[in-house]
file data-v3.cif (mmCIF, C-alpha atoms)
data_work
loop_
_atom_site.label_atom_id
_atom_site.label_comp_id
_atom_site.auth_asym_id
_atom_site.auth_seq_id
_atom_site.Cartn_x
_atom_site.Cartn_y
_atom_site.Cartn_z
CA MET A 145 148.21 -146.44 17.65
CA ALA A 146 148.59 -150.19 17.27
CA ASP A 147 150.50 -150.54 20.54
CA ARG A 148 147.36 -149.67 22.52
CA SER A 149 144.62 -150.66 20.12
CA ASP A 150 141.04 -150.14 21.17
CA PRO A 151 138.48 -150.45 18.35
CA SER A 152 135.66 -148.85 20.33
CA ALA A 153 137.78 -145.78 21.15
CA LEU A 154 138.89 -145.56 17.54
CA ARG A 155 135.27 -145.68 16.36
CA TRP A 156 134.43 -142.98 18.89
CA LEU A 157 137.15 -140.68 17.53
CA ILE A 158 136.07 -141.21 13.91
CA GLY A 159 132.40 -140.75 14.79
CA ASN A 160 133.18 -137.53 16.62
CA GLU A 161 134.84 -136.08 13.51
CA LEU A 162 132.02 -137.23 11.24
CA ARG A 163 129.52 -135.47 13.49
CA LEU A 164 131.58 -132.26 13.66
CA ALA A 165 132.02 -132.26 9.87
CA ARG A 166 128.27 -132.72 9.34
CA ILE A 167 127.40 -129.91 11.75
CA ALA A 168 129.97 -127.61 10.13
CA SER A 169 128.41 -128.29 6.72
CA GLY A 170 124.89 -127.52 7.96
CA LYS A 171 123.61 -130.96 6.93
CA THR A 172 121.11 -132.97 8.95
CA GLN A 173 121.41 -136.65 9.80
CA SER A 174 118.44 -137.30 7.53
CA ALA A 175 120.22 -135.64 4.61
CA ALA A 176 123.37 -137.63 5.36
CA ALA A 177 121.35 -140.85 5.43
CA LYS A 178 119.91 -140.07 2.00
CA ALA A 179 123.39 -139.35 0.60
CA LEU A 180 124.74 -142.63 1.98
CA GLY A 181 121.61 -144.60 1.11
CA CYS A 182 120.97 -145.80 4.62
CA THR A 183 118.69 -145.18 7.57
CA HIS A 184 118.78 -142.18 9.89
CA SER A 185 119.64 -144.56 12.73
CA LYS A 186 122.77 -145.78 10.97
CA ILE A 187 124.11 -142.22 10.64
CA ASN A 188 123.54 -141.75 14.35
CA TYR A 189 125.31 -145.05 15.12
CA LEU A 190 128.24 -144.07 12.91
CA GLU A 191 128.55 -140.74 14.70
CA ILE A 192 128.49 -142.19 18.21
CA GLY A 193 130.87 -144.98 17.25
CA ARG A 194 128.41 -147.80 17.82
CA ASN A 195 128.89 -149.10 14.27
CA GLN A 196 132.20 -149.63 12.48
CA GLN A 197 132.78 -146.85 9.95
CA HIS A 198 134.06 -148.27 6.67
CA PRO A 199 136.43 -146.22 4.49
CA GLU A 200 133.97 -145.94 1.59
CA GLU A 201 131.21 -144.71 3.95
CA VAL A 202 133.53 -142.16 5.53
CA THR A 203 134.62 -140.93 2.10
CA THR A 204 131.04 -140.59 0.83
CA LEU A 205 129.86 -138.69 3.90
CA LEU A 206 132.82 -136.32 4.06
CA ARG A 207 132.54 -135.48 0.38
CA PHE A 208 128.84 -134.78 0.93
CA TYR A 209 129.91 -132.45 3.74
CA ALA A 210 132.42 -130.76 1.39
CA ALA A 211 135.35 -131.63 3.65
CA ASP A 212 138.85 -131.09 2.31
CA GLU A 213 140.68 -134.01 0.71
CA ALA A 214 143.30 -134.14 3.48
CA GLN A 215 140.61 -134.77 6.10
CA ILE A 216 138.90 -137.32 3.87
CA ASP A 217 142.10 -139.26 3.29
CA ARG A 218 143.05 -139.13 6.97
CA LEU A 219 139.72 -140.38 8.30
CA ALA A 220 139.28 -142.99 5.57
CA SER A 221 142.73 -144.36 6.40
CA LEU A 222 141.95 -144.33 10.11
CA SER A 223 138.66 -146.20 9.60
CA GLY A 224 140.44 -148.84 7.52
CA ARG A 225 142.65 -150.01 10.35
CA ALA A 226 141.93 -153.52 11.59
CA ASP A 227 142.46 -153.24 15.32
CA GLN A 228 142.51 -156.71 16.80
CA GLY A 229 141.35 -156.16 20.35
CA THR A 230 141.17 -153.90 23.36
CA TRP A 231 144.42 -153.80 25.34
CA TRP A 232 142.66 -153.36 28.67
CA ALA A 233 140.03 -156.08 28.09
CA ALA A 234 141.31 -158.12 31.04
CA PHE A 235 140.33 -155.25 33.35
CA SER A 236 136.97 -154.43 31.75
CA ASP A 237 134.98 -155.53 34.81
CA VAL A 238 136.67 -152.92 37.04
CA VAL A 239 136.47 -150.00 34.59
CA PRO A 240 133.25 -147.98 34.97
CA ASP A 241 131.26 -147.64 31.74
CA TRP A 242 131.74 -143.87 31.69
CA MET A 243 135.53 -144.26 31.89
CA LYS A 244 136.01 -146.99 29.28
CA THR A 245 136.18 -144.57 26.38
CA PHE A 246 138.77 -142.45 28.20
CA VAL A 247 141.05 -145.44 28.90
CA GLY A 248 140.86 -146.36 25.22
CA LEU A 249 141.47 -142.80 24.05
CA GLU A 250 144.44 -142.41 26.40
CA GLY A 251 146.02 -145.47 24.83
CA LEU A 252 145.64 -143.91 21.36
CA ALA A 253 146.75 -140.39 22.30
CA THR A 254 150.13 -138.90 21.52
CA ARG A 255 149.90 -136.16 24.14
CA GLU A 256 147.97 -135.66 27.38
CA PHE A 257 147.61 -132.77 29.79
CA MET A 258 146.05 -133.50 33.17
CA TYR A 259 145.17 -131.29 36.10
CA GLU A 260 143.90 -132.79 39.35
CA PRO A 261 143.62 -130.51 42.39
CA LEU A 262 143.41 -133.05 45.21
CA ALA A 263 145.70 -135.97 44.34
CA LEU A 264 148.48 -136.94 41.98
CA PRO A 265 147.35 -138.05 38.49
CA GLY A 266 147.04 -141.79 38.01
CA LEU A 267 149.82 -141.86 35.39
CA VAL A 268 152.45 -140.81 37.97
CA GLN A 269 151.26 -142.77 41.02
CA THR A 270 153.20 -145.57 42.65
CA PRO A 271 151.30 -148.78 43.47
CA ASP A 272 151.39 -148.03 47.22
CA TYR A 273 150.13 -144.48 46.74
CA ALA A 274 147.33 -145.71 44.46
CA GLN A 275 146.41 -148.45 46.93
CA ALA A 276 146.26 -145.92 49.77
CA LEU A 277 143.93 -143.68 47.75
CA LEU A 278 141.57 -146.60 47.19
CA ALA A 279 141.47 -147.74 50.81
CA ASP A 280 137.89 -147.44 52.09
CA ASN A 281 136.88 -145.82 48.79
CA LEU A 282 133.16 -145.42 48.16
CA ARG A 283 133.56 -145.86 44.41
CA VAL A 284 135.86 -148.91 44.38
CA SER A 285 135.14 -152.02 46.43
CA ALA A 286 137.94 -153.51 48.52
CA ILE A 287 137.86 -156.69 46.46
CA ASP A 288 138.47 -154.74 43.23
CA ALA A 289 141.09 -152.29 44.53
CA GLU A 290 144.12 -154.44 43.68
CA ARG A 291 143.04 -154.88 40.06
CA VAL A 292 142.23 -151.19 39.71
CA VAL A 293 145.78 -150.44 40.86
CA LYS A 294 147.16 -152.94 38.32
CA LEU A 295 145.19 -151.28 35.52
CA ARG A 296 146.57 -147.90 36.60
CA MET A 297 150.10 -149.30 36.41
CA GLU A 298 149.37 -150.73 32.95
CA ARG A 299 148.15 -147.34 31.79
CA GLN A 300 151.48 -145.89 32.91
CA GLN A 301 153.39 -148.07 30.46
CA ARG A 302 152.50 -145.57 27.73
CA LEU A 303 155.07 -143.27 29.32
CA PHE A 304 157.80 -145.84 28.68
CA ASP A 305 156.87 -146.94 25.17
CA GLY A 306 160.15 -147.20 23.30
CA ASN A 307 158.61 -146.34 19.93
CA SER A 308 156.06 -143.63 20.70
CA PRO A 309 155.85 -142.71 24.39
CA LEU A 310 152.95 -140.57 25.52
CA ASN A 311 153.96 -136.95 26.03
CA PHE A 312 152.49 -136.22 29.43
CA GLN A 313 152.21 -132.84 31.13
CA THR A 314 150.61 -132.11 34.47
CA VAL A 315 150.22 -129.35 37.02
CA ILE A 316 150.40 -130.53 40.63
CA GLU A 317 149.06 -128.45 43.50
CA GLU A 318 151.65 -127.80 46.22
CA SER A 319 149.18 -129.02 48.85
CA VAL A 320 149.05 -132.44 47.13
CA LEU A 321 152.78 -132.87 47.74
CA ASP A 322 152.25 -132.23 51.44
CA ARG A 323 149.33 -134.64 51.84
CA LEU A 324 150.88 -137.81 53.29
CA VAL A 325 148.78 -140.36 51.42
CA GLY A 326 149.62 -143.77 52.87
CA GLY A 327 151.98 -142.25 55.45
CA ALA A 328 155.45 -140.73 55.33
CA GLU A 329 157.22 -143.78 53.90
CA VAL A 330 154.73 -144.26 51.04
CA MET A 331 154.80 -140.55 50.25
CA ALA A 332 158.59 -140.39 50.31
CA SER A 333 158.73 -143.22 47.78
CA GLN A 334 156.07 -141.48 45.69
CA LEU A 335 158.05 -138.23 45.63
CA ARG A 336 161.20 -140.07 44.56
CA HIS A 337 159.18 -141.67 41.77
CA LEU A 338 158.11 -138.21 40.58
CA LEU A 339 161.75 -137.15 40.47
CA GLU A 340 162.61 -140.19 38.35
CA LEU A 341 159.76 -139.48 35.94
CA ALA A 342 160.85 -135.84 35.66
CA THR A 343 164.13 -136.97 34.08
CA ARG A 344 162.20 -138.31 31.07
CA ASP A 345 161.92 -136.08 28.00
CA ASN A 346 158.24 -136.99 27.55
CA VAL A 347 157.13 -136.06 31.09
CA THR A 348 156.72 -132.47 32.29
CA MET A 349 155.53 -131.58 35.78
CA HIS A 350 154.76 -128.14 37.18
CA VAL A 351 154.03 -127.47 40.84
CA MET A 352 151.35 -124.86 41.50
CA PRO A 353 152.48 -122.92 44.59
CA LEU A 354 150.01 -121.76 47.22
CA SER A 355 151.28 -118.25 46.57
CA VAL A 356 149.17 -118.27 43.38
CA PRO A 357 145.72 -117.62 44.86
CA VAL A 358 143.63 -117.71 41.66
CA HIS A 359 144.20 -119.74 38.50
CA ASP A 360 142.33 -121.56 35.73
CA GLY A 361 142.23 -124.86 37.61
CA LEU A 362 139.96 -123.62 40.39
CA ASP A 363 136.90 -124.85 38.49
CA GLY A 364 138.11 -128.43 38.92
CA GLU A 365 140.07 -131.22 37.28
CA PHE A 366 140.28 -131.72 33.53
CA SER A 367 142.32 -133.48 30.87
CA VAL A 368 143.07 -132.75 27.21
CA LEU A 369 144.05 -135.57 24.86
CA ASP A 370 145.79 -134.89 21.54
CA PHE A 371 146.07 -137.40 18.70
CA GLU A 372 148.29 -137.71 15.66
CA GLU A 373 145.41 -138.38 13.27
CA ALA A 374 142.29 -137.13 15.03
CA LYS A 375 140.97 -134.00 16.69
CA SER A 376 141.75 -133.29 20.34
CA VAL A 377 139.26 -134.24 23.07
CA GLY A 378 138.65 -132.83 26.53
CA TYR A 379 137.68 -134.94 29.53
CA ILE A 380 136.21 -133.98 32.90
CA GLU A 381 135.66 -136.63 35.55
CA TYR A 382 133.38 -136.36 38.55
CA PRO A 383 132.12 -138.92 41.10
CA ASN A 384 130.36 -141.68 39.18
CA GLY A 385 130.54 -140.01 35.81
CA ALA A 386 132.45 -138.05 33.20
CA ILE A 387 131.98 -135.47 30.44
CA TYR A 388 133.70 -135.85 27.06
CA ILE A 389 134.27 -132.42 25.51
CA GLN A 390 134.07 -132.64 21.73
CA ASP A 391 133.23 -129.11 20.55
CA GLU A 392 136.42 -127.75 18.98
CA ASN A 393 136.08 -124.30 20.55
CA GLN A 394 135.54 -125.74 24.01
CA VAL A 395 138.47 -128.12 23.63
CA ALA A 396 140.62 -125.19 22.52
CA ALA A 397 139.54 -123.26 25.62
CA TYR A 398 140.70 -126.10 27.86
CA GLY A 399 143.95 -126.26 25.92
CA LYS A 400 144.42 -122.55 26.60
CA ALA A 401 143.63 -123.11 30.28
CA ALA A 402 146.34 -125.78 30.38
CA GLU A 403 148.86 -123.34 28.90
CA ARG A 404 147.89 -120.64 31.41
CA LEU A 405 148.19 -123.06 34.33
CA CYS A 406 151.71 -124.02 33.27
CA SER A 407 152.68 -120.38 32.81
CA VAL A 408 151.77 -119.33 36.37
CA ALA A 409 153.04 -122.51 38.05
CA LEU A 410 156.68 -123.15 38.91
CA THR A 411 159.00 -124.09 36.07
CA GLN A 412 160.01 -127.72 35.65
CA GLU A 413 163.36 -127.03 37.35
CA GLU A 414 161.76 -125.17 40.26
CA SER A 415 159.14 -127.90 40.60
CA ILE A 416 161.81 -130.60 40.79
CA ASP A 417 163.52 -128.63 43.56
CA GLU A 418 160.28 -128.44 45.55
CA ILE A 419 159.60 -132.16 45.15
CA ALA A 420 163.20 -133.06 46.04
CA ARG A 421 163.11 -130.88 49.16
CA ARG A 422 160.03 -132.69 50.44
CA ALA A 423 161.48 -136.10 49.57
CA ARG A 424 164.60 -135.32 51.61
CA ALA A 425 162.51 -134.15 54.55
CA LEU A 426 160.46 -137.35 54.58
CA SER A 427 163.51 -139.56 54.20
#
call {"tool": "encode", "arguments": {"input": "data-v3.cif", "output": "structure tokens"}}
result
Amino acid sequence: MADRSDPSALRWLIGNELRLARIASGKTQSAAAKALGCTHSKINYLEIGRNQQHPEEVTTLLRFYAADEAQIDRLASLSGRADQGTWWAAFSDVVPDWMKTFVGLEGLATREFMYEPLALPGLVQTPDYAQALLADNLRVSAIDAERVVKLRMERQQRLFDGNSPLNFQTVIEESVLDRLVGGAEVMASQLRHLLELATRDNVTMHVMPLSVPVHDGLDGEFSVLDFEEAKSVGYIEYPNGAIYIQDENQVAAYGKAAERLCSVALTQEESIDEIARRARALS
């Protein structure tokens, strides 16, 4: 996790688990505050990640919640890490508040699944494709577009981390491959980039053919982030906002949806053939 440190995202992950453990134990925030010897507000701040959670506080609360020792040791160790800064701080002015937690979580994740029905995911975009998507965009001003593209390219470096690359899986709608974002030349380069990424062991792409009329992605885009030392989180983005899915059963449901999407889409080999065919046609 140190490669993409983000203390606020780390606090968010720890707080999420503290809240889930308290709810599972049937304890109230007031009872937790009494056990820790603090105010009700502090428990709330610890659970939303506003305050730094110290190992001794985490240990006391989890033991009060009757959590197992493995969870206590894991979260106490996680809370004891001294992250020294936010890797994307230089871009903070162009990251919407509702997306800041996601960018931090993505940097800490070990695995990510992403489904987007109308465009390629940001982690596989070329700079020209990303720039074309942002042209005349209502959500990103023209003056900020270049820096937003640079941030997107920085996020992609997790795919090439020599020590612990992000395992990334995505399902791409066939119609997205045929949408000439930026024109034929930009799209041809983008398709070749997808083919290069597909050669990496940590990147898996499935094309969803139009011949599959109904599937689990019809409700809209979503992402699932998995972590080595924390519980998985779901993420749904919409214009000017996002929803962070923290309930374990709901996250599991999105994980199942991801599996079902991959199972009805083309295989990796078939998907590569479809992408290559379009790249040749455009070239």
call {"tool": "resolve_selection", "arguments": {"input": "data-v3.cif", "expression": "the PyMOL selection byres ((chain A and resi 147-160) around 7)", "output": "list in words"}}
result
Met145, Ala146, Glu161, Leu162, Arg163, Leu164, Leu190, Glu191, Ile192, Gly193, Gln196, Gln197, Leu219, Asp227, Gly229, Thr230, Trp231, Thr245, Gly248, Leu249, Gly251, Leu252 and Ala374 of chain A
call {"tool": "residues_around", "arguments": {"input": "data-v3.cif", "residues": "Arg291 in chain A", "least_positions_apart": "3", "cutoff": "8 Å", "atoms": "only C-alpha atoms", "output": "list in words"}}
result
Phe235, Val238, Asp288, Lys294 and Leu295 of chain A
call {"tool": "closest_residue", "arguments": {"input": "data-v3.cif", "among": "A:Ser415, A:Thr270, A:Ser169, A:Asn346", "to": "Arg207 in chain A", "atoms": "only C-alpha atoms"}}
result
A:Ser169
call {"tool": "atom_distance", "arguments": {"input": "data-v3.cif", "atom1": "CA of Arg421 in chain A", "atom2": "CA of Asp360 in chain A"}}
result
26.4 Å
call {"tool": "atom_distance", "arguments": {"input": "data-v3.cif", "atom1": "CA of Leu206 in chain A", "atom2": "CA of Ser376 in chain A"}}
result
18.8 Å
call {"tool": "residues_around", "arguments": {"input": "data-v3.cif", "residues": "range 272-284 of chain A", "least_positions_apart": "3", "cutoff": "8 Å", "atoms": "all atoms listed in the file", "output": "list of chain:residue names"}}
result
A:Gly266, A:Gln269, A:Asp288, A:Ala289, A:Glu290, A:Val293, A:Val325, A:Gly326, A:Val330, A:Met331, A:Gln334, A:Pro383, A:Asn384
call {"tool": "resolve_selection", "arguments": {"input": "data-v3.cif", "expression": "the PyMOL selection byres ((chain A and resi 385) around 12)", "output": "PyMOL selection string"}}
result
chain A and resi 239-246+283+379-384+386-388
call {"tool": "closest_residue", "arguments": {"input": "data-v3.cif", "among": "A:Val408, A:Ala423, A:Glu200, A:Lys186", "to": "Val351 in chain A", "atoms": "all atoms listed in the file"}}
result
A:Val408
call {"tool": "resolve_selection", "arguments": {"input": "data-v3.cif", "expression": "the PyMOL selection byres ((chain A and resi 297-313) around 6)", "output": "mmCIF file with C-alpha atoms, in the frame of the given file"}}
result
data_model
loop_
_atom_site.group_PDB
_atom_site.id
_atom_site.type_symbol
_atom_site.label_atom_id
_atom_site.label_comp_id
_atom_site.auth_asym_id
_atom_site.auth_seq_id
_atom_site.Cartn_x
_atom_site.Cartn_y
_atom_site.Cartn_z
ATOM 1 C CA THR A 254 150.130 -138.900 21.520
ATOM 2 C CA ARG A 255 149.900 -136.160 24.140
ATOM 3 C CA GLU A 256 147.970 -135.660 27.380
ATOM 4 C CA PHE A 257 147.610 -132.770 29.790
ATOM 5 C CA LEU A 267 149.820 -141.860 35.390
ATOM 6 C CA LYS A 294 147.160 -152.940 38.320
ATOM 7 C CA LEU A 295 145.190 -151.280 35.520
ATOM 8 C CA ARG A 296 146.570 -147.900 36.600
ATOM 9 C CA THR A 314 150.610 -132.110 34.470
ATOM 10 C CA ASN A 346 158.240 -136.990 27.550
ATOM 11 C CA VAL A 347 157.130 -136.060 31.090
ATOM 12 C CA THR A 348 156.720 -132.470 32.290
ATOM 13 C CA MET A 349 155.530 -131.580 35.780
#
call {"tool": "atom_distance", "arguments": {"input": "data-v3.cif", "atom1": "CA of Ala176 in chain A", "atom2": "CA of Ala253 in chain A"}}
result
29.0 Å
call {"tool": "residues_near_point", "arguments": {"input": "data-v3.cif", "point": "(145.8, -123.7, 31.1)", "cutoff": "12 Å", "atoms": "only C-alpha atoms", "output": "ChimeraX atom specification"}}
result
/A:257-259,313-315,350,352,359-368,395-409
call {"tool": "write_last_selection", "arguments": {"input": "data-v3.cif", "atoms": "C-alpha atoms", "output": "PDB file, keeping the file's coordinate frame"}}
result
ATOM      1  CA  PHE A 257     147.610-132.770  29.790  1.00  0.00           C
ATOM      2  CA  MET A 258     146.050-133.500  33.170  1.00  0.00           C
ATOM      3  CA  TYR A 259     145.170-131.290  36.100  1.00  0.00           C
ATOM      4  CA  GLN A 313     152.210-132.840  31.130  1.00  0.00           C
ATOM      5  CA  THR A 314     150.610-132.110  34.470  1.00  0.00           C
ATOM      6  CA  VAL A 315     150.220-129.350  37.020  1.00  0.00           C
ATOM      7  CA  HIS A 350     154.760-128.140  37.180  1.00  0.00           C
ATOM      8  CA  MET A 352     151.350-124.860  41.500  1.00  0.00           C
ATOM      9  CA  HIS A 359     144.200-119.740  38.500  1.00  0.00           C
ATOM     10  CA  ASP A 360     142.330-121.560  35.730  1.00  0.00           C
ATOM     11  CA  GLY A 361     142.230-124.860  37.610  1.00  0.00           C
ATOM     12  CA  LEU A 362     139.960-123.620  40.390  1.00  0.00           C
ATOM     13  CA  ASP A 363     136.900-124.850  38.490  1.00  0.00           C
ATOM     14  CA  GLY A 364     138.110-128.430  38.920  1.00  0.00           C
ATOM     15  CA  GLU A 365     140.070-131.220  37.280  1.00  0.00           C
ATOM     16  CA  PHE A 366     140.280-131.720  33.530  1.00  0.00           C
ATOM     17  CA  SER A 367     142.320-133.480  30.870  1.00  0.00           C
ATOM     18  CA  VAL A 368     143.070-132.750  27.210  1.00  0.00           C
ATOM     19  CA  VAL A 395     138.470-128.120  23.630  1.00  0.00           C
ATOM     20  CA  ALA A 396     140.620-125.190  22.520  1.00  0.00           C
ATOM     21  CA  ALA A 397     139.540-123.260  25.620  1.00  0.00           C
ATOM     22  CA  TYR A 398     140.700-126.100  27.860  1.00  0.00           C
ATOM     23  CA  GLY A 399     143.950-126.260  25.920  1.00  0.00           C
ATOM     24  CA  LYS A 400     144.420-122.550  26.600  1.00  0.00           C
ATOM     25  CA  ALA A 401     143.630-123.110  30.280  1.00  0.00           C
ATOM     26  CA  ALA A 402     146.340-125.780  30.380  1.00  0.00           C
ATOM     27  CA  GLU A 403     148.860-123.340  28.900  1.00  0.00           C
ATOM     28  CA  ARG A 404     147.890-120.640  31.410  1.00  0.00           C
ATOM     29  CA  LEU A 405     148.190-123.060  34.330  1.00  0.00           C
ATOM     30  CA  CYS A 406     151.710-124.020  33.270  1.00  0.00           C
ATOM     31  CA  SER A 407     152.680-120.380  32.810  1.00  0.00           C
ATOM     32  CA  VAL A 408     151.770-119.330  36.370  1.00  0.00           C
ATOM     33  CA  ALA A 409     153.040-122.510  38.050  1.00  0.00           C
TER      34      ALA A 409
END
call {"tool": "residues_around", "arguments": {"input": "data-v3.cif", "residues": "range 181-184 of chain A", "least_positions_apart": "5", "cutoff": "12 Å", "atoms": "all atoms listed in the file", "output": "NGL selection string"}}
result
:A and (172-176 or 189-191 or 201 or 204-205)
call {"tool": "closest_residue", "arguments": {"input": "data-v3.cif", "among": "A:His337, A:Asp417, A:Gly327, A:Glu250", "to": "Asp370 in chain A", "atoms": "only C-alpha atoms"}}
result
A:Glu250
call {"tool": "axis_aligned_box", "arguments": {"input": "data-v3.cif", "around": "range 398-417 of chain A", "padding_each_side": "5 Å", "output": "JSON"}}
result
{"center_x": 152.1, "center_y": -125.0, "center_z": 34.7, "size_x": 32.8, "size_y": 21.3, "size_z": 27.6}
call {"tool": "closest_residue", "arguments": {"input": "data-v3.cif", "among": "A:Glu260, A:Glu392, A:Glu318, A:Asp217", "to": "Val202 in chain A", "atoms": "all atoms listed in the file"}}
result
A:Asp217
call {"tool": "residues_around", "arguments": {"input": "data-v3.cif", "residues": "Gly224 in chain A", "least_positions_apart": "4", "cutoff": "7 Å", "atoms": "all atoms listed in the file", "output": "list of chain:residue names"}}
result
A:His198, A:Pro199, A:Ala220
call {"tool": "closest_residue", "arguments": {"input": "data-v3.cif", "among": "A:Ser185, A:Ile316, A:Tyr209, A:Thr203", "to": "Thr411 in chain A", "atoms": "only C-alpha atoms"}}
result
A:Ile316
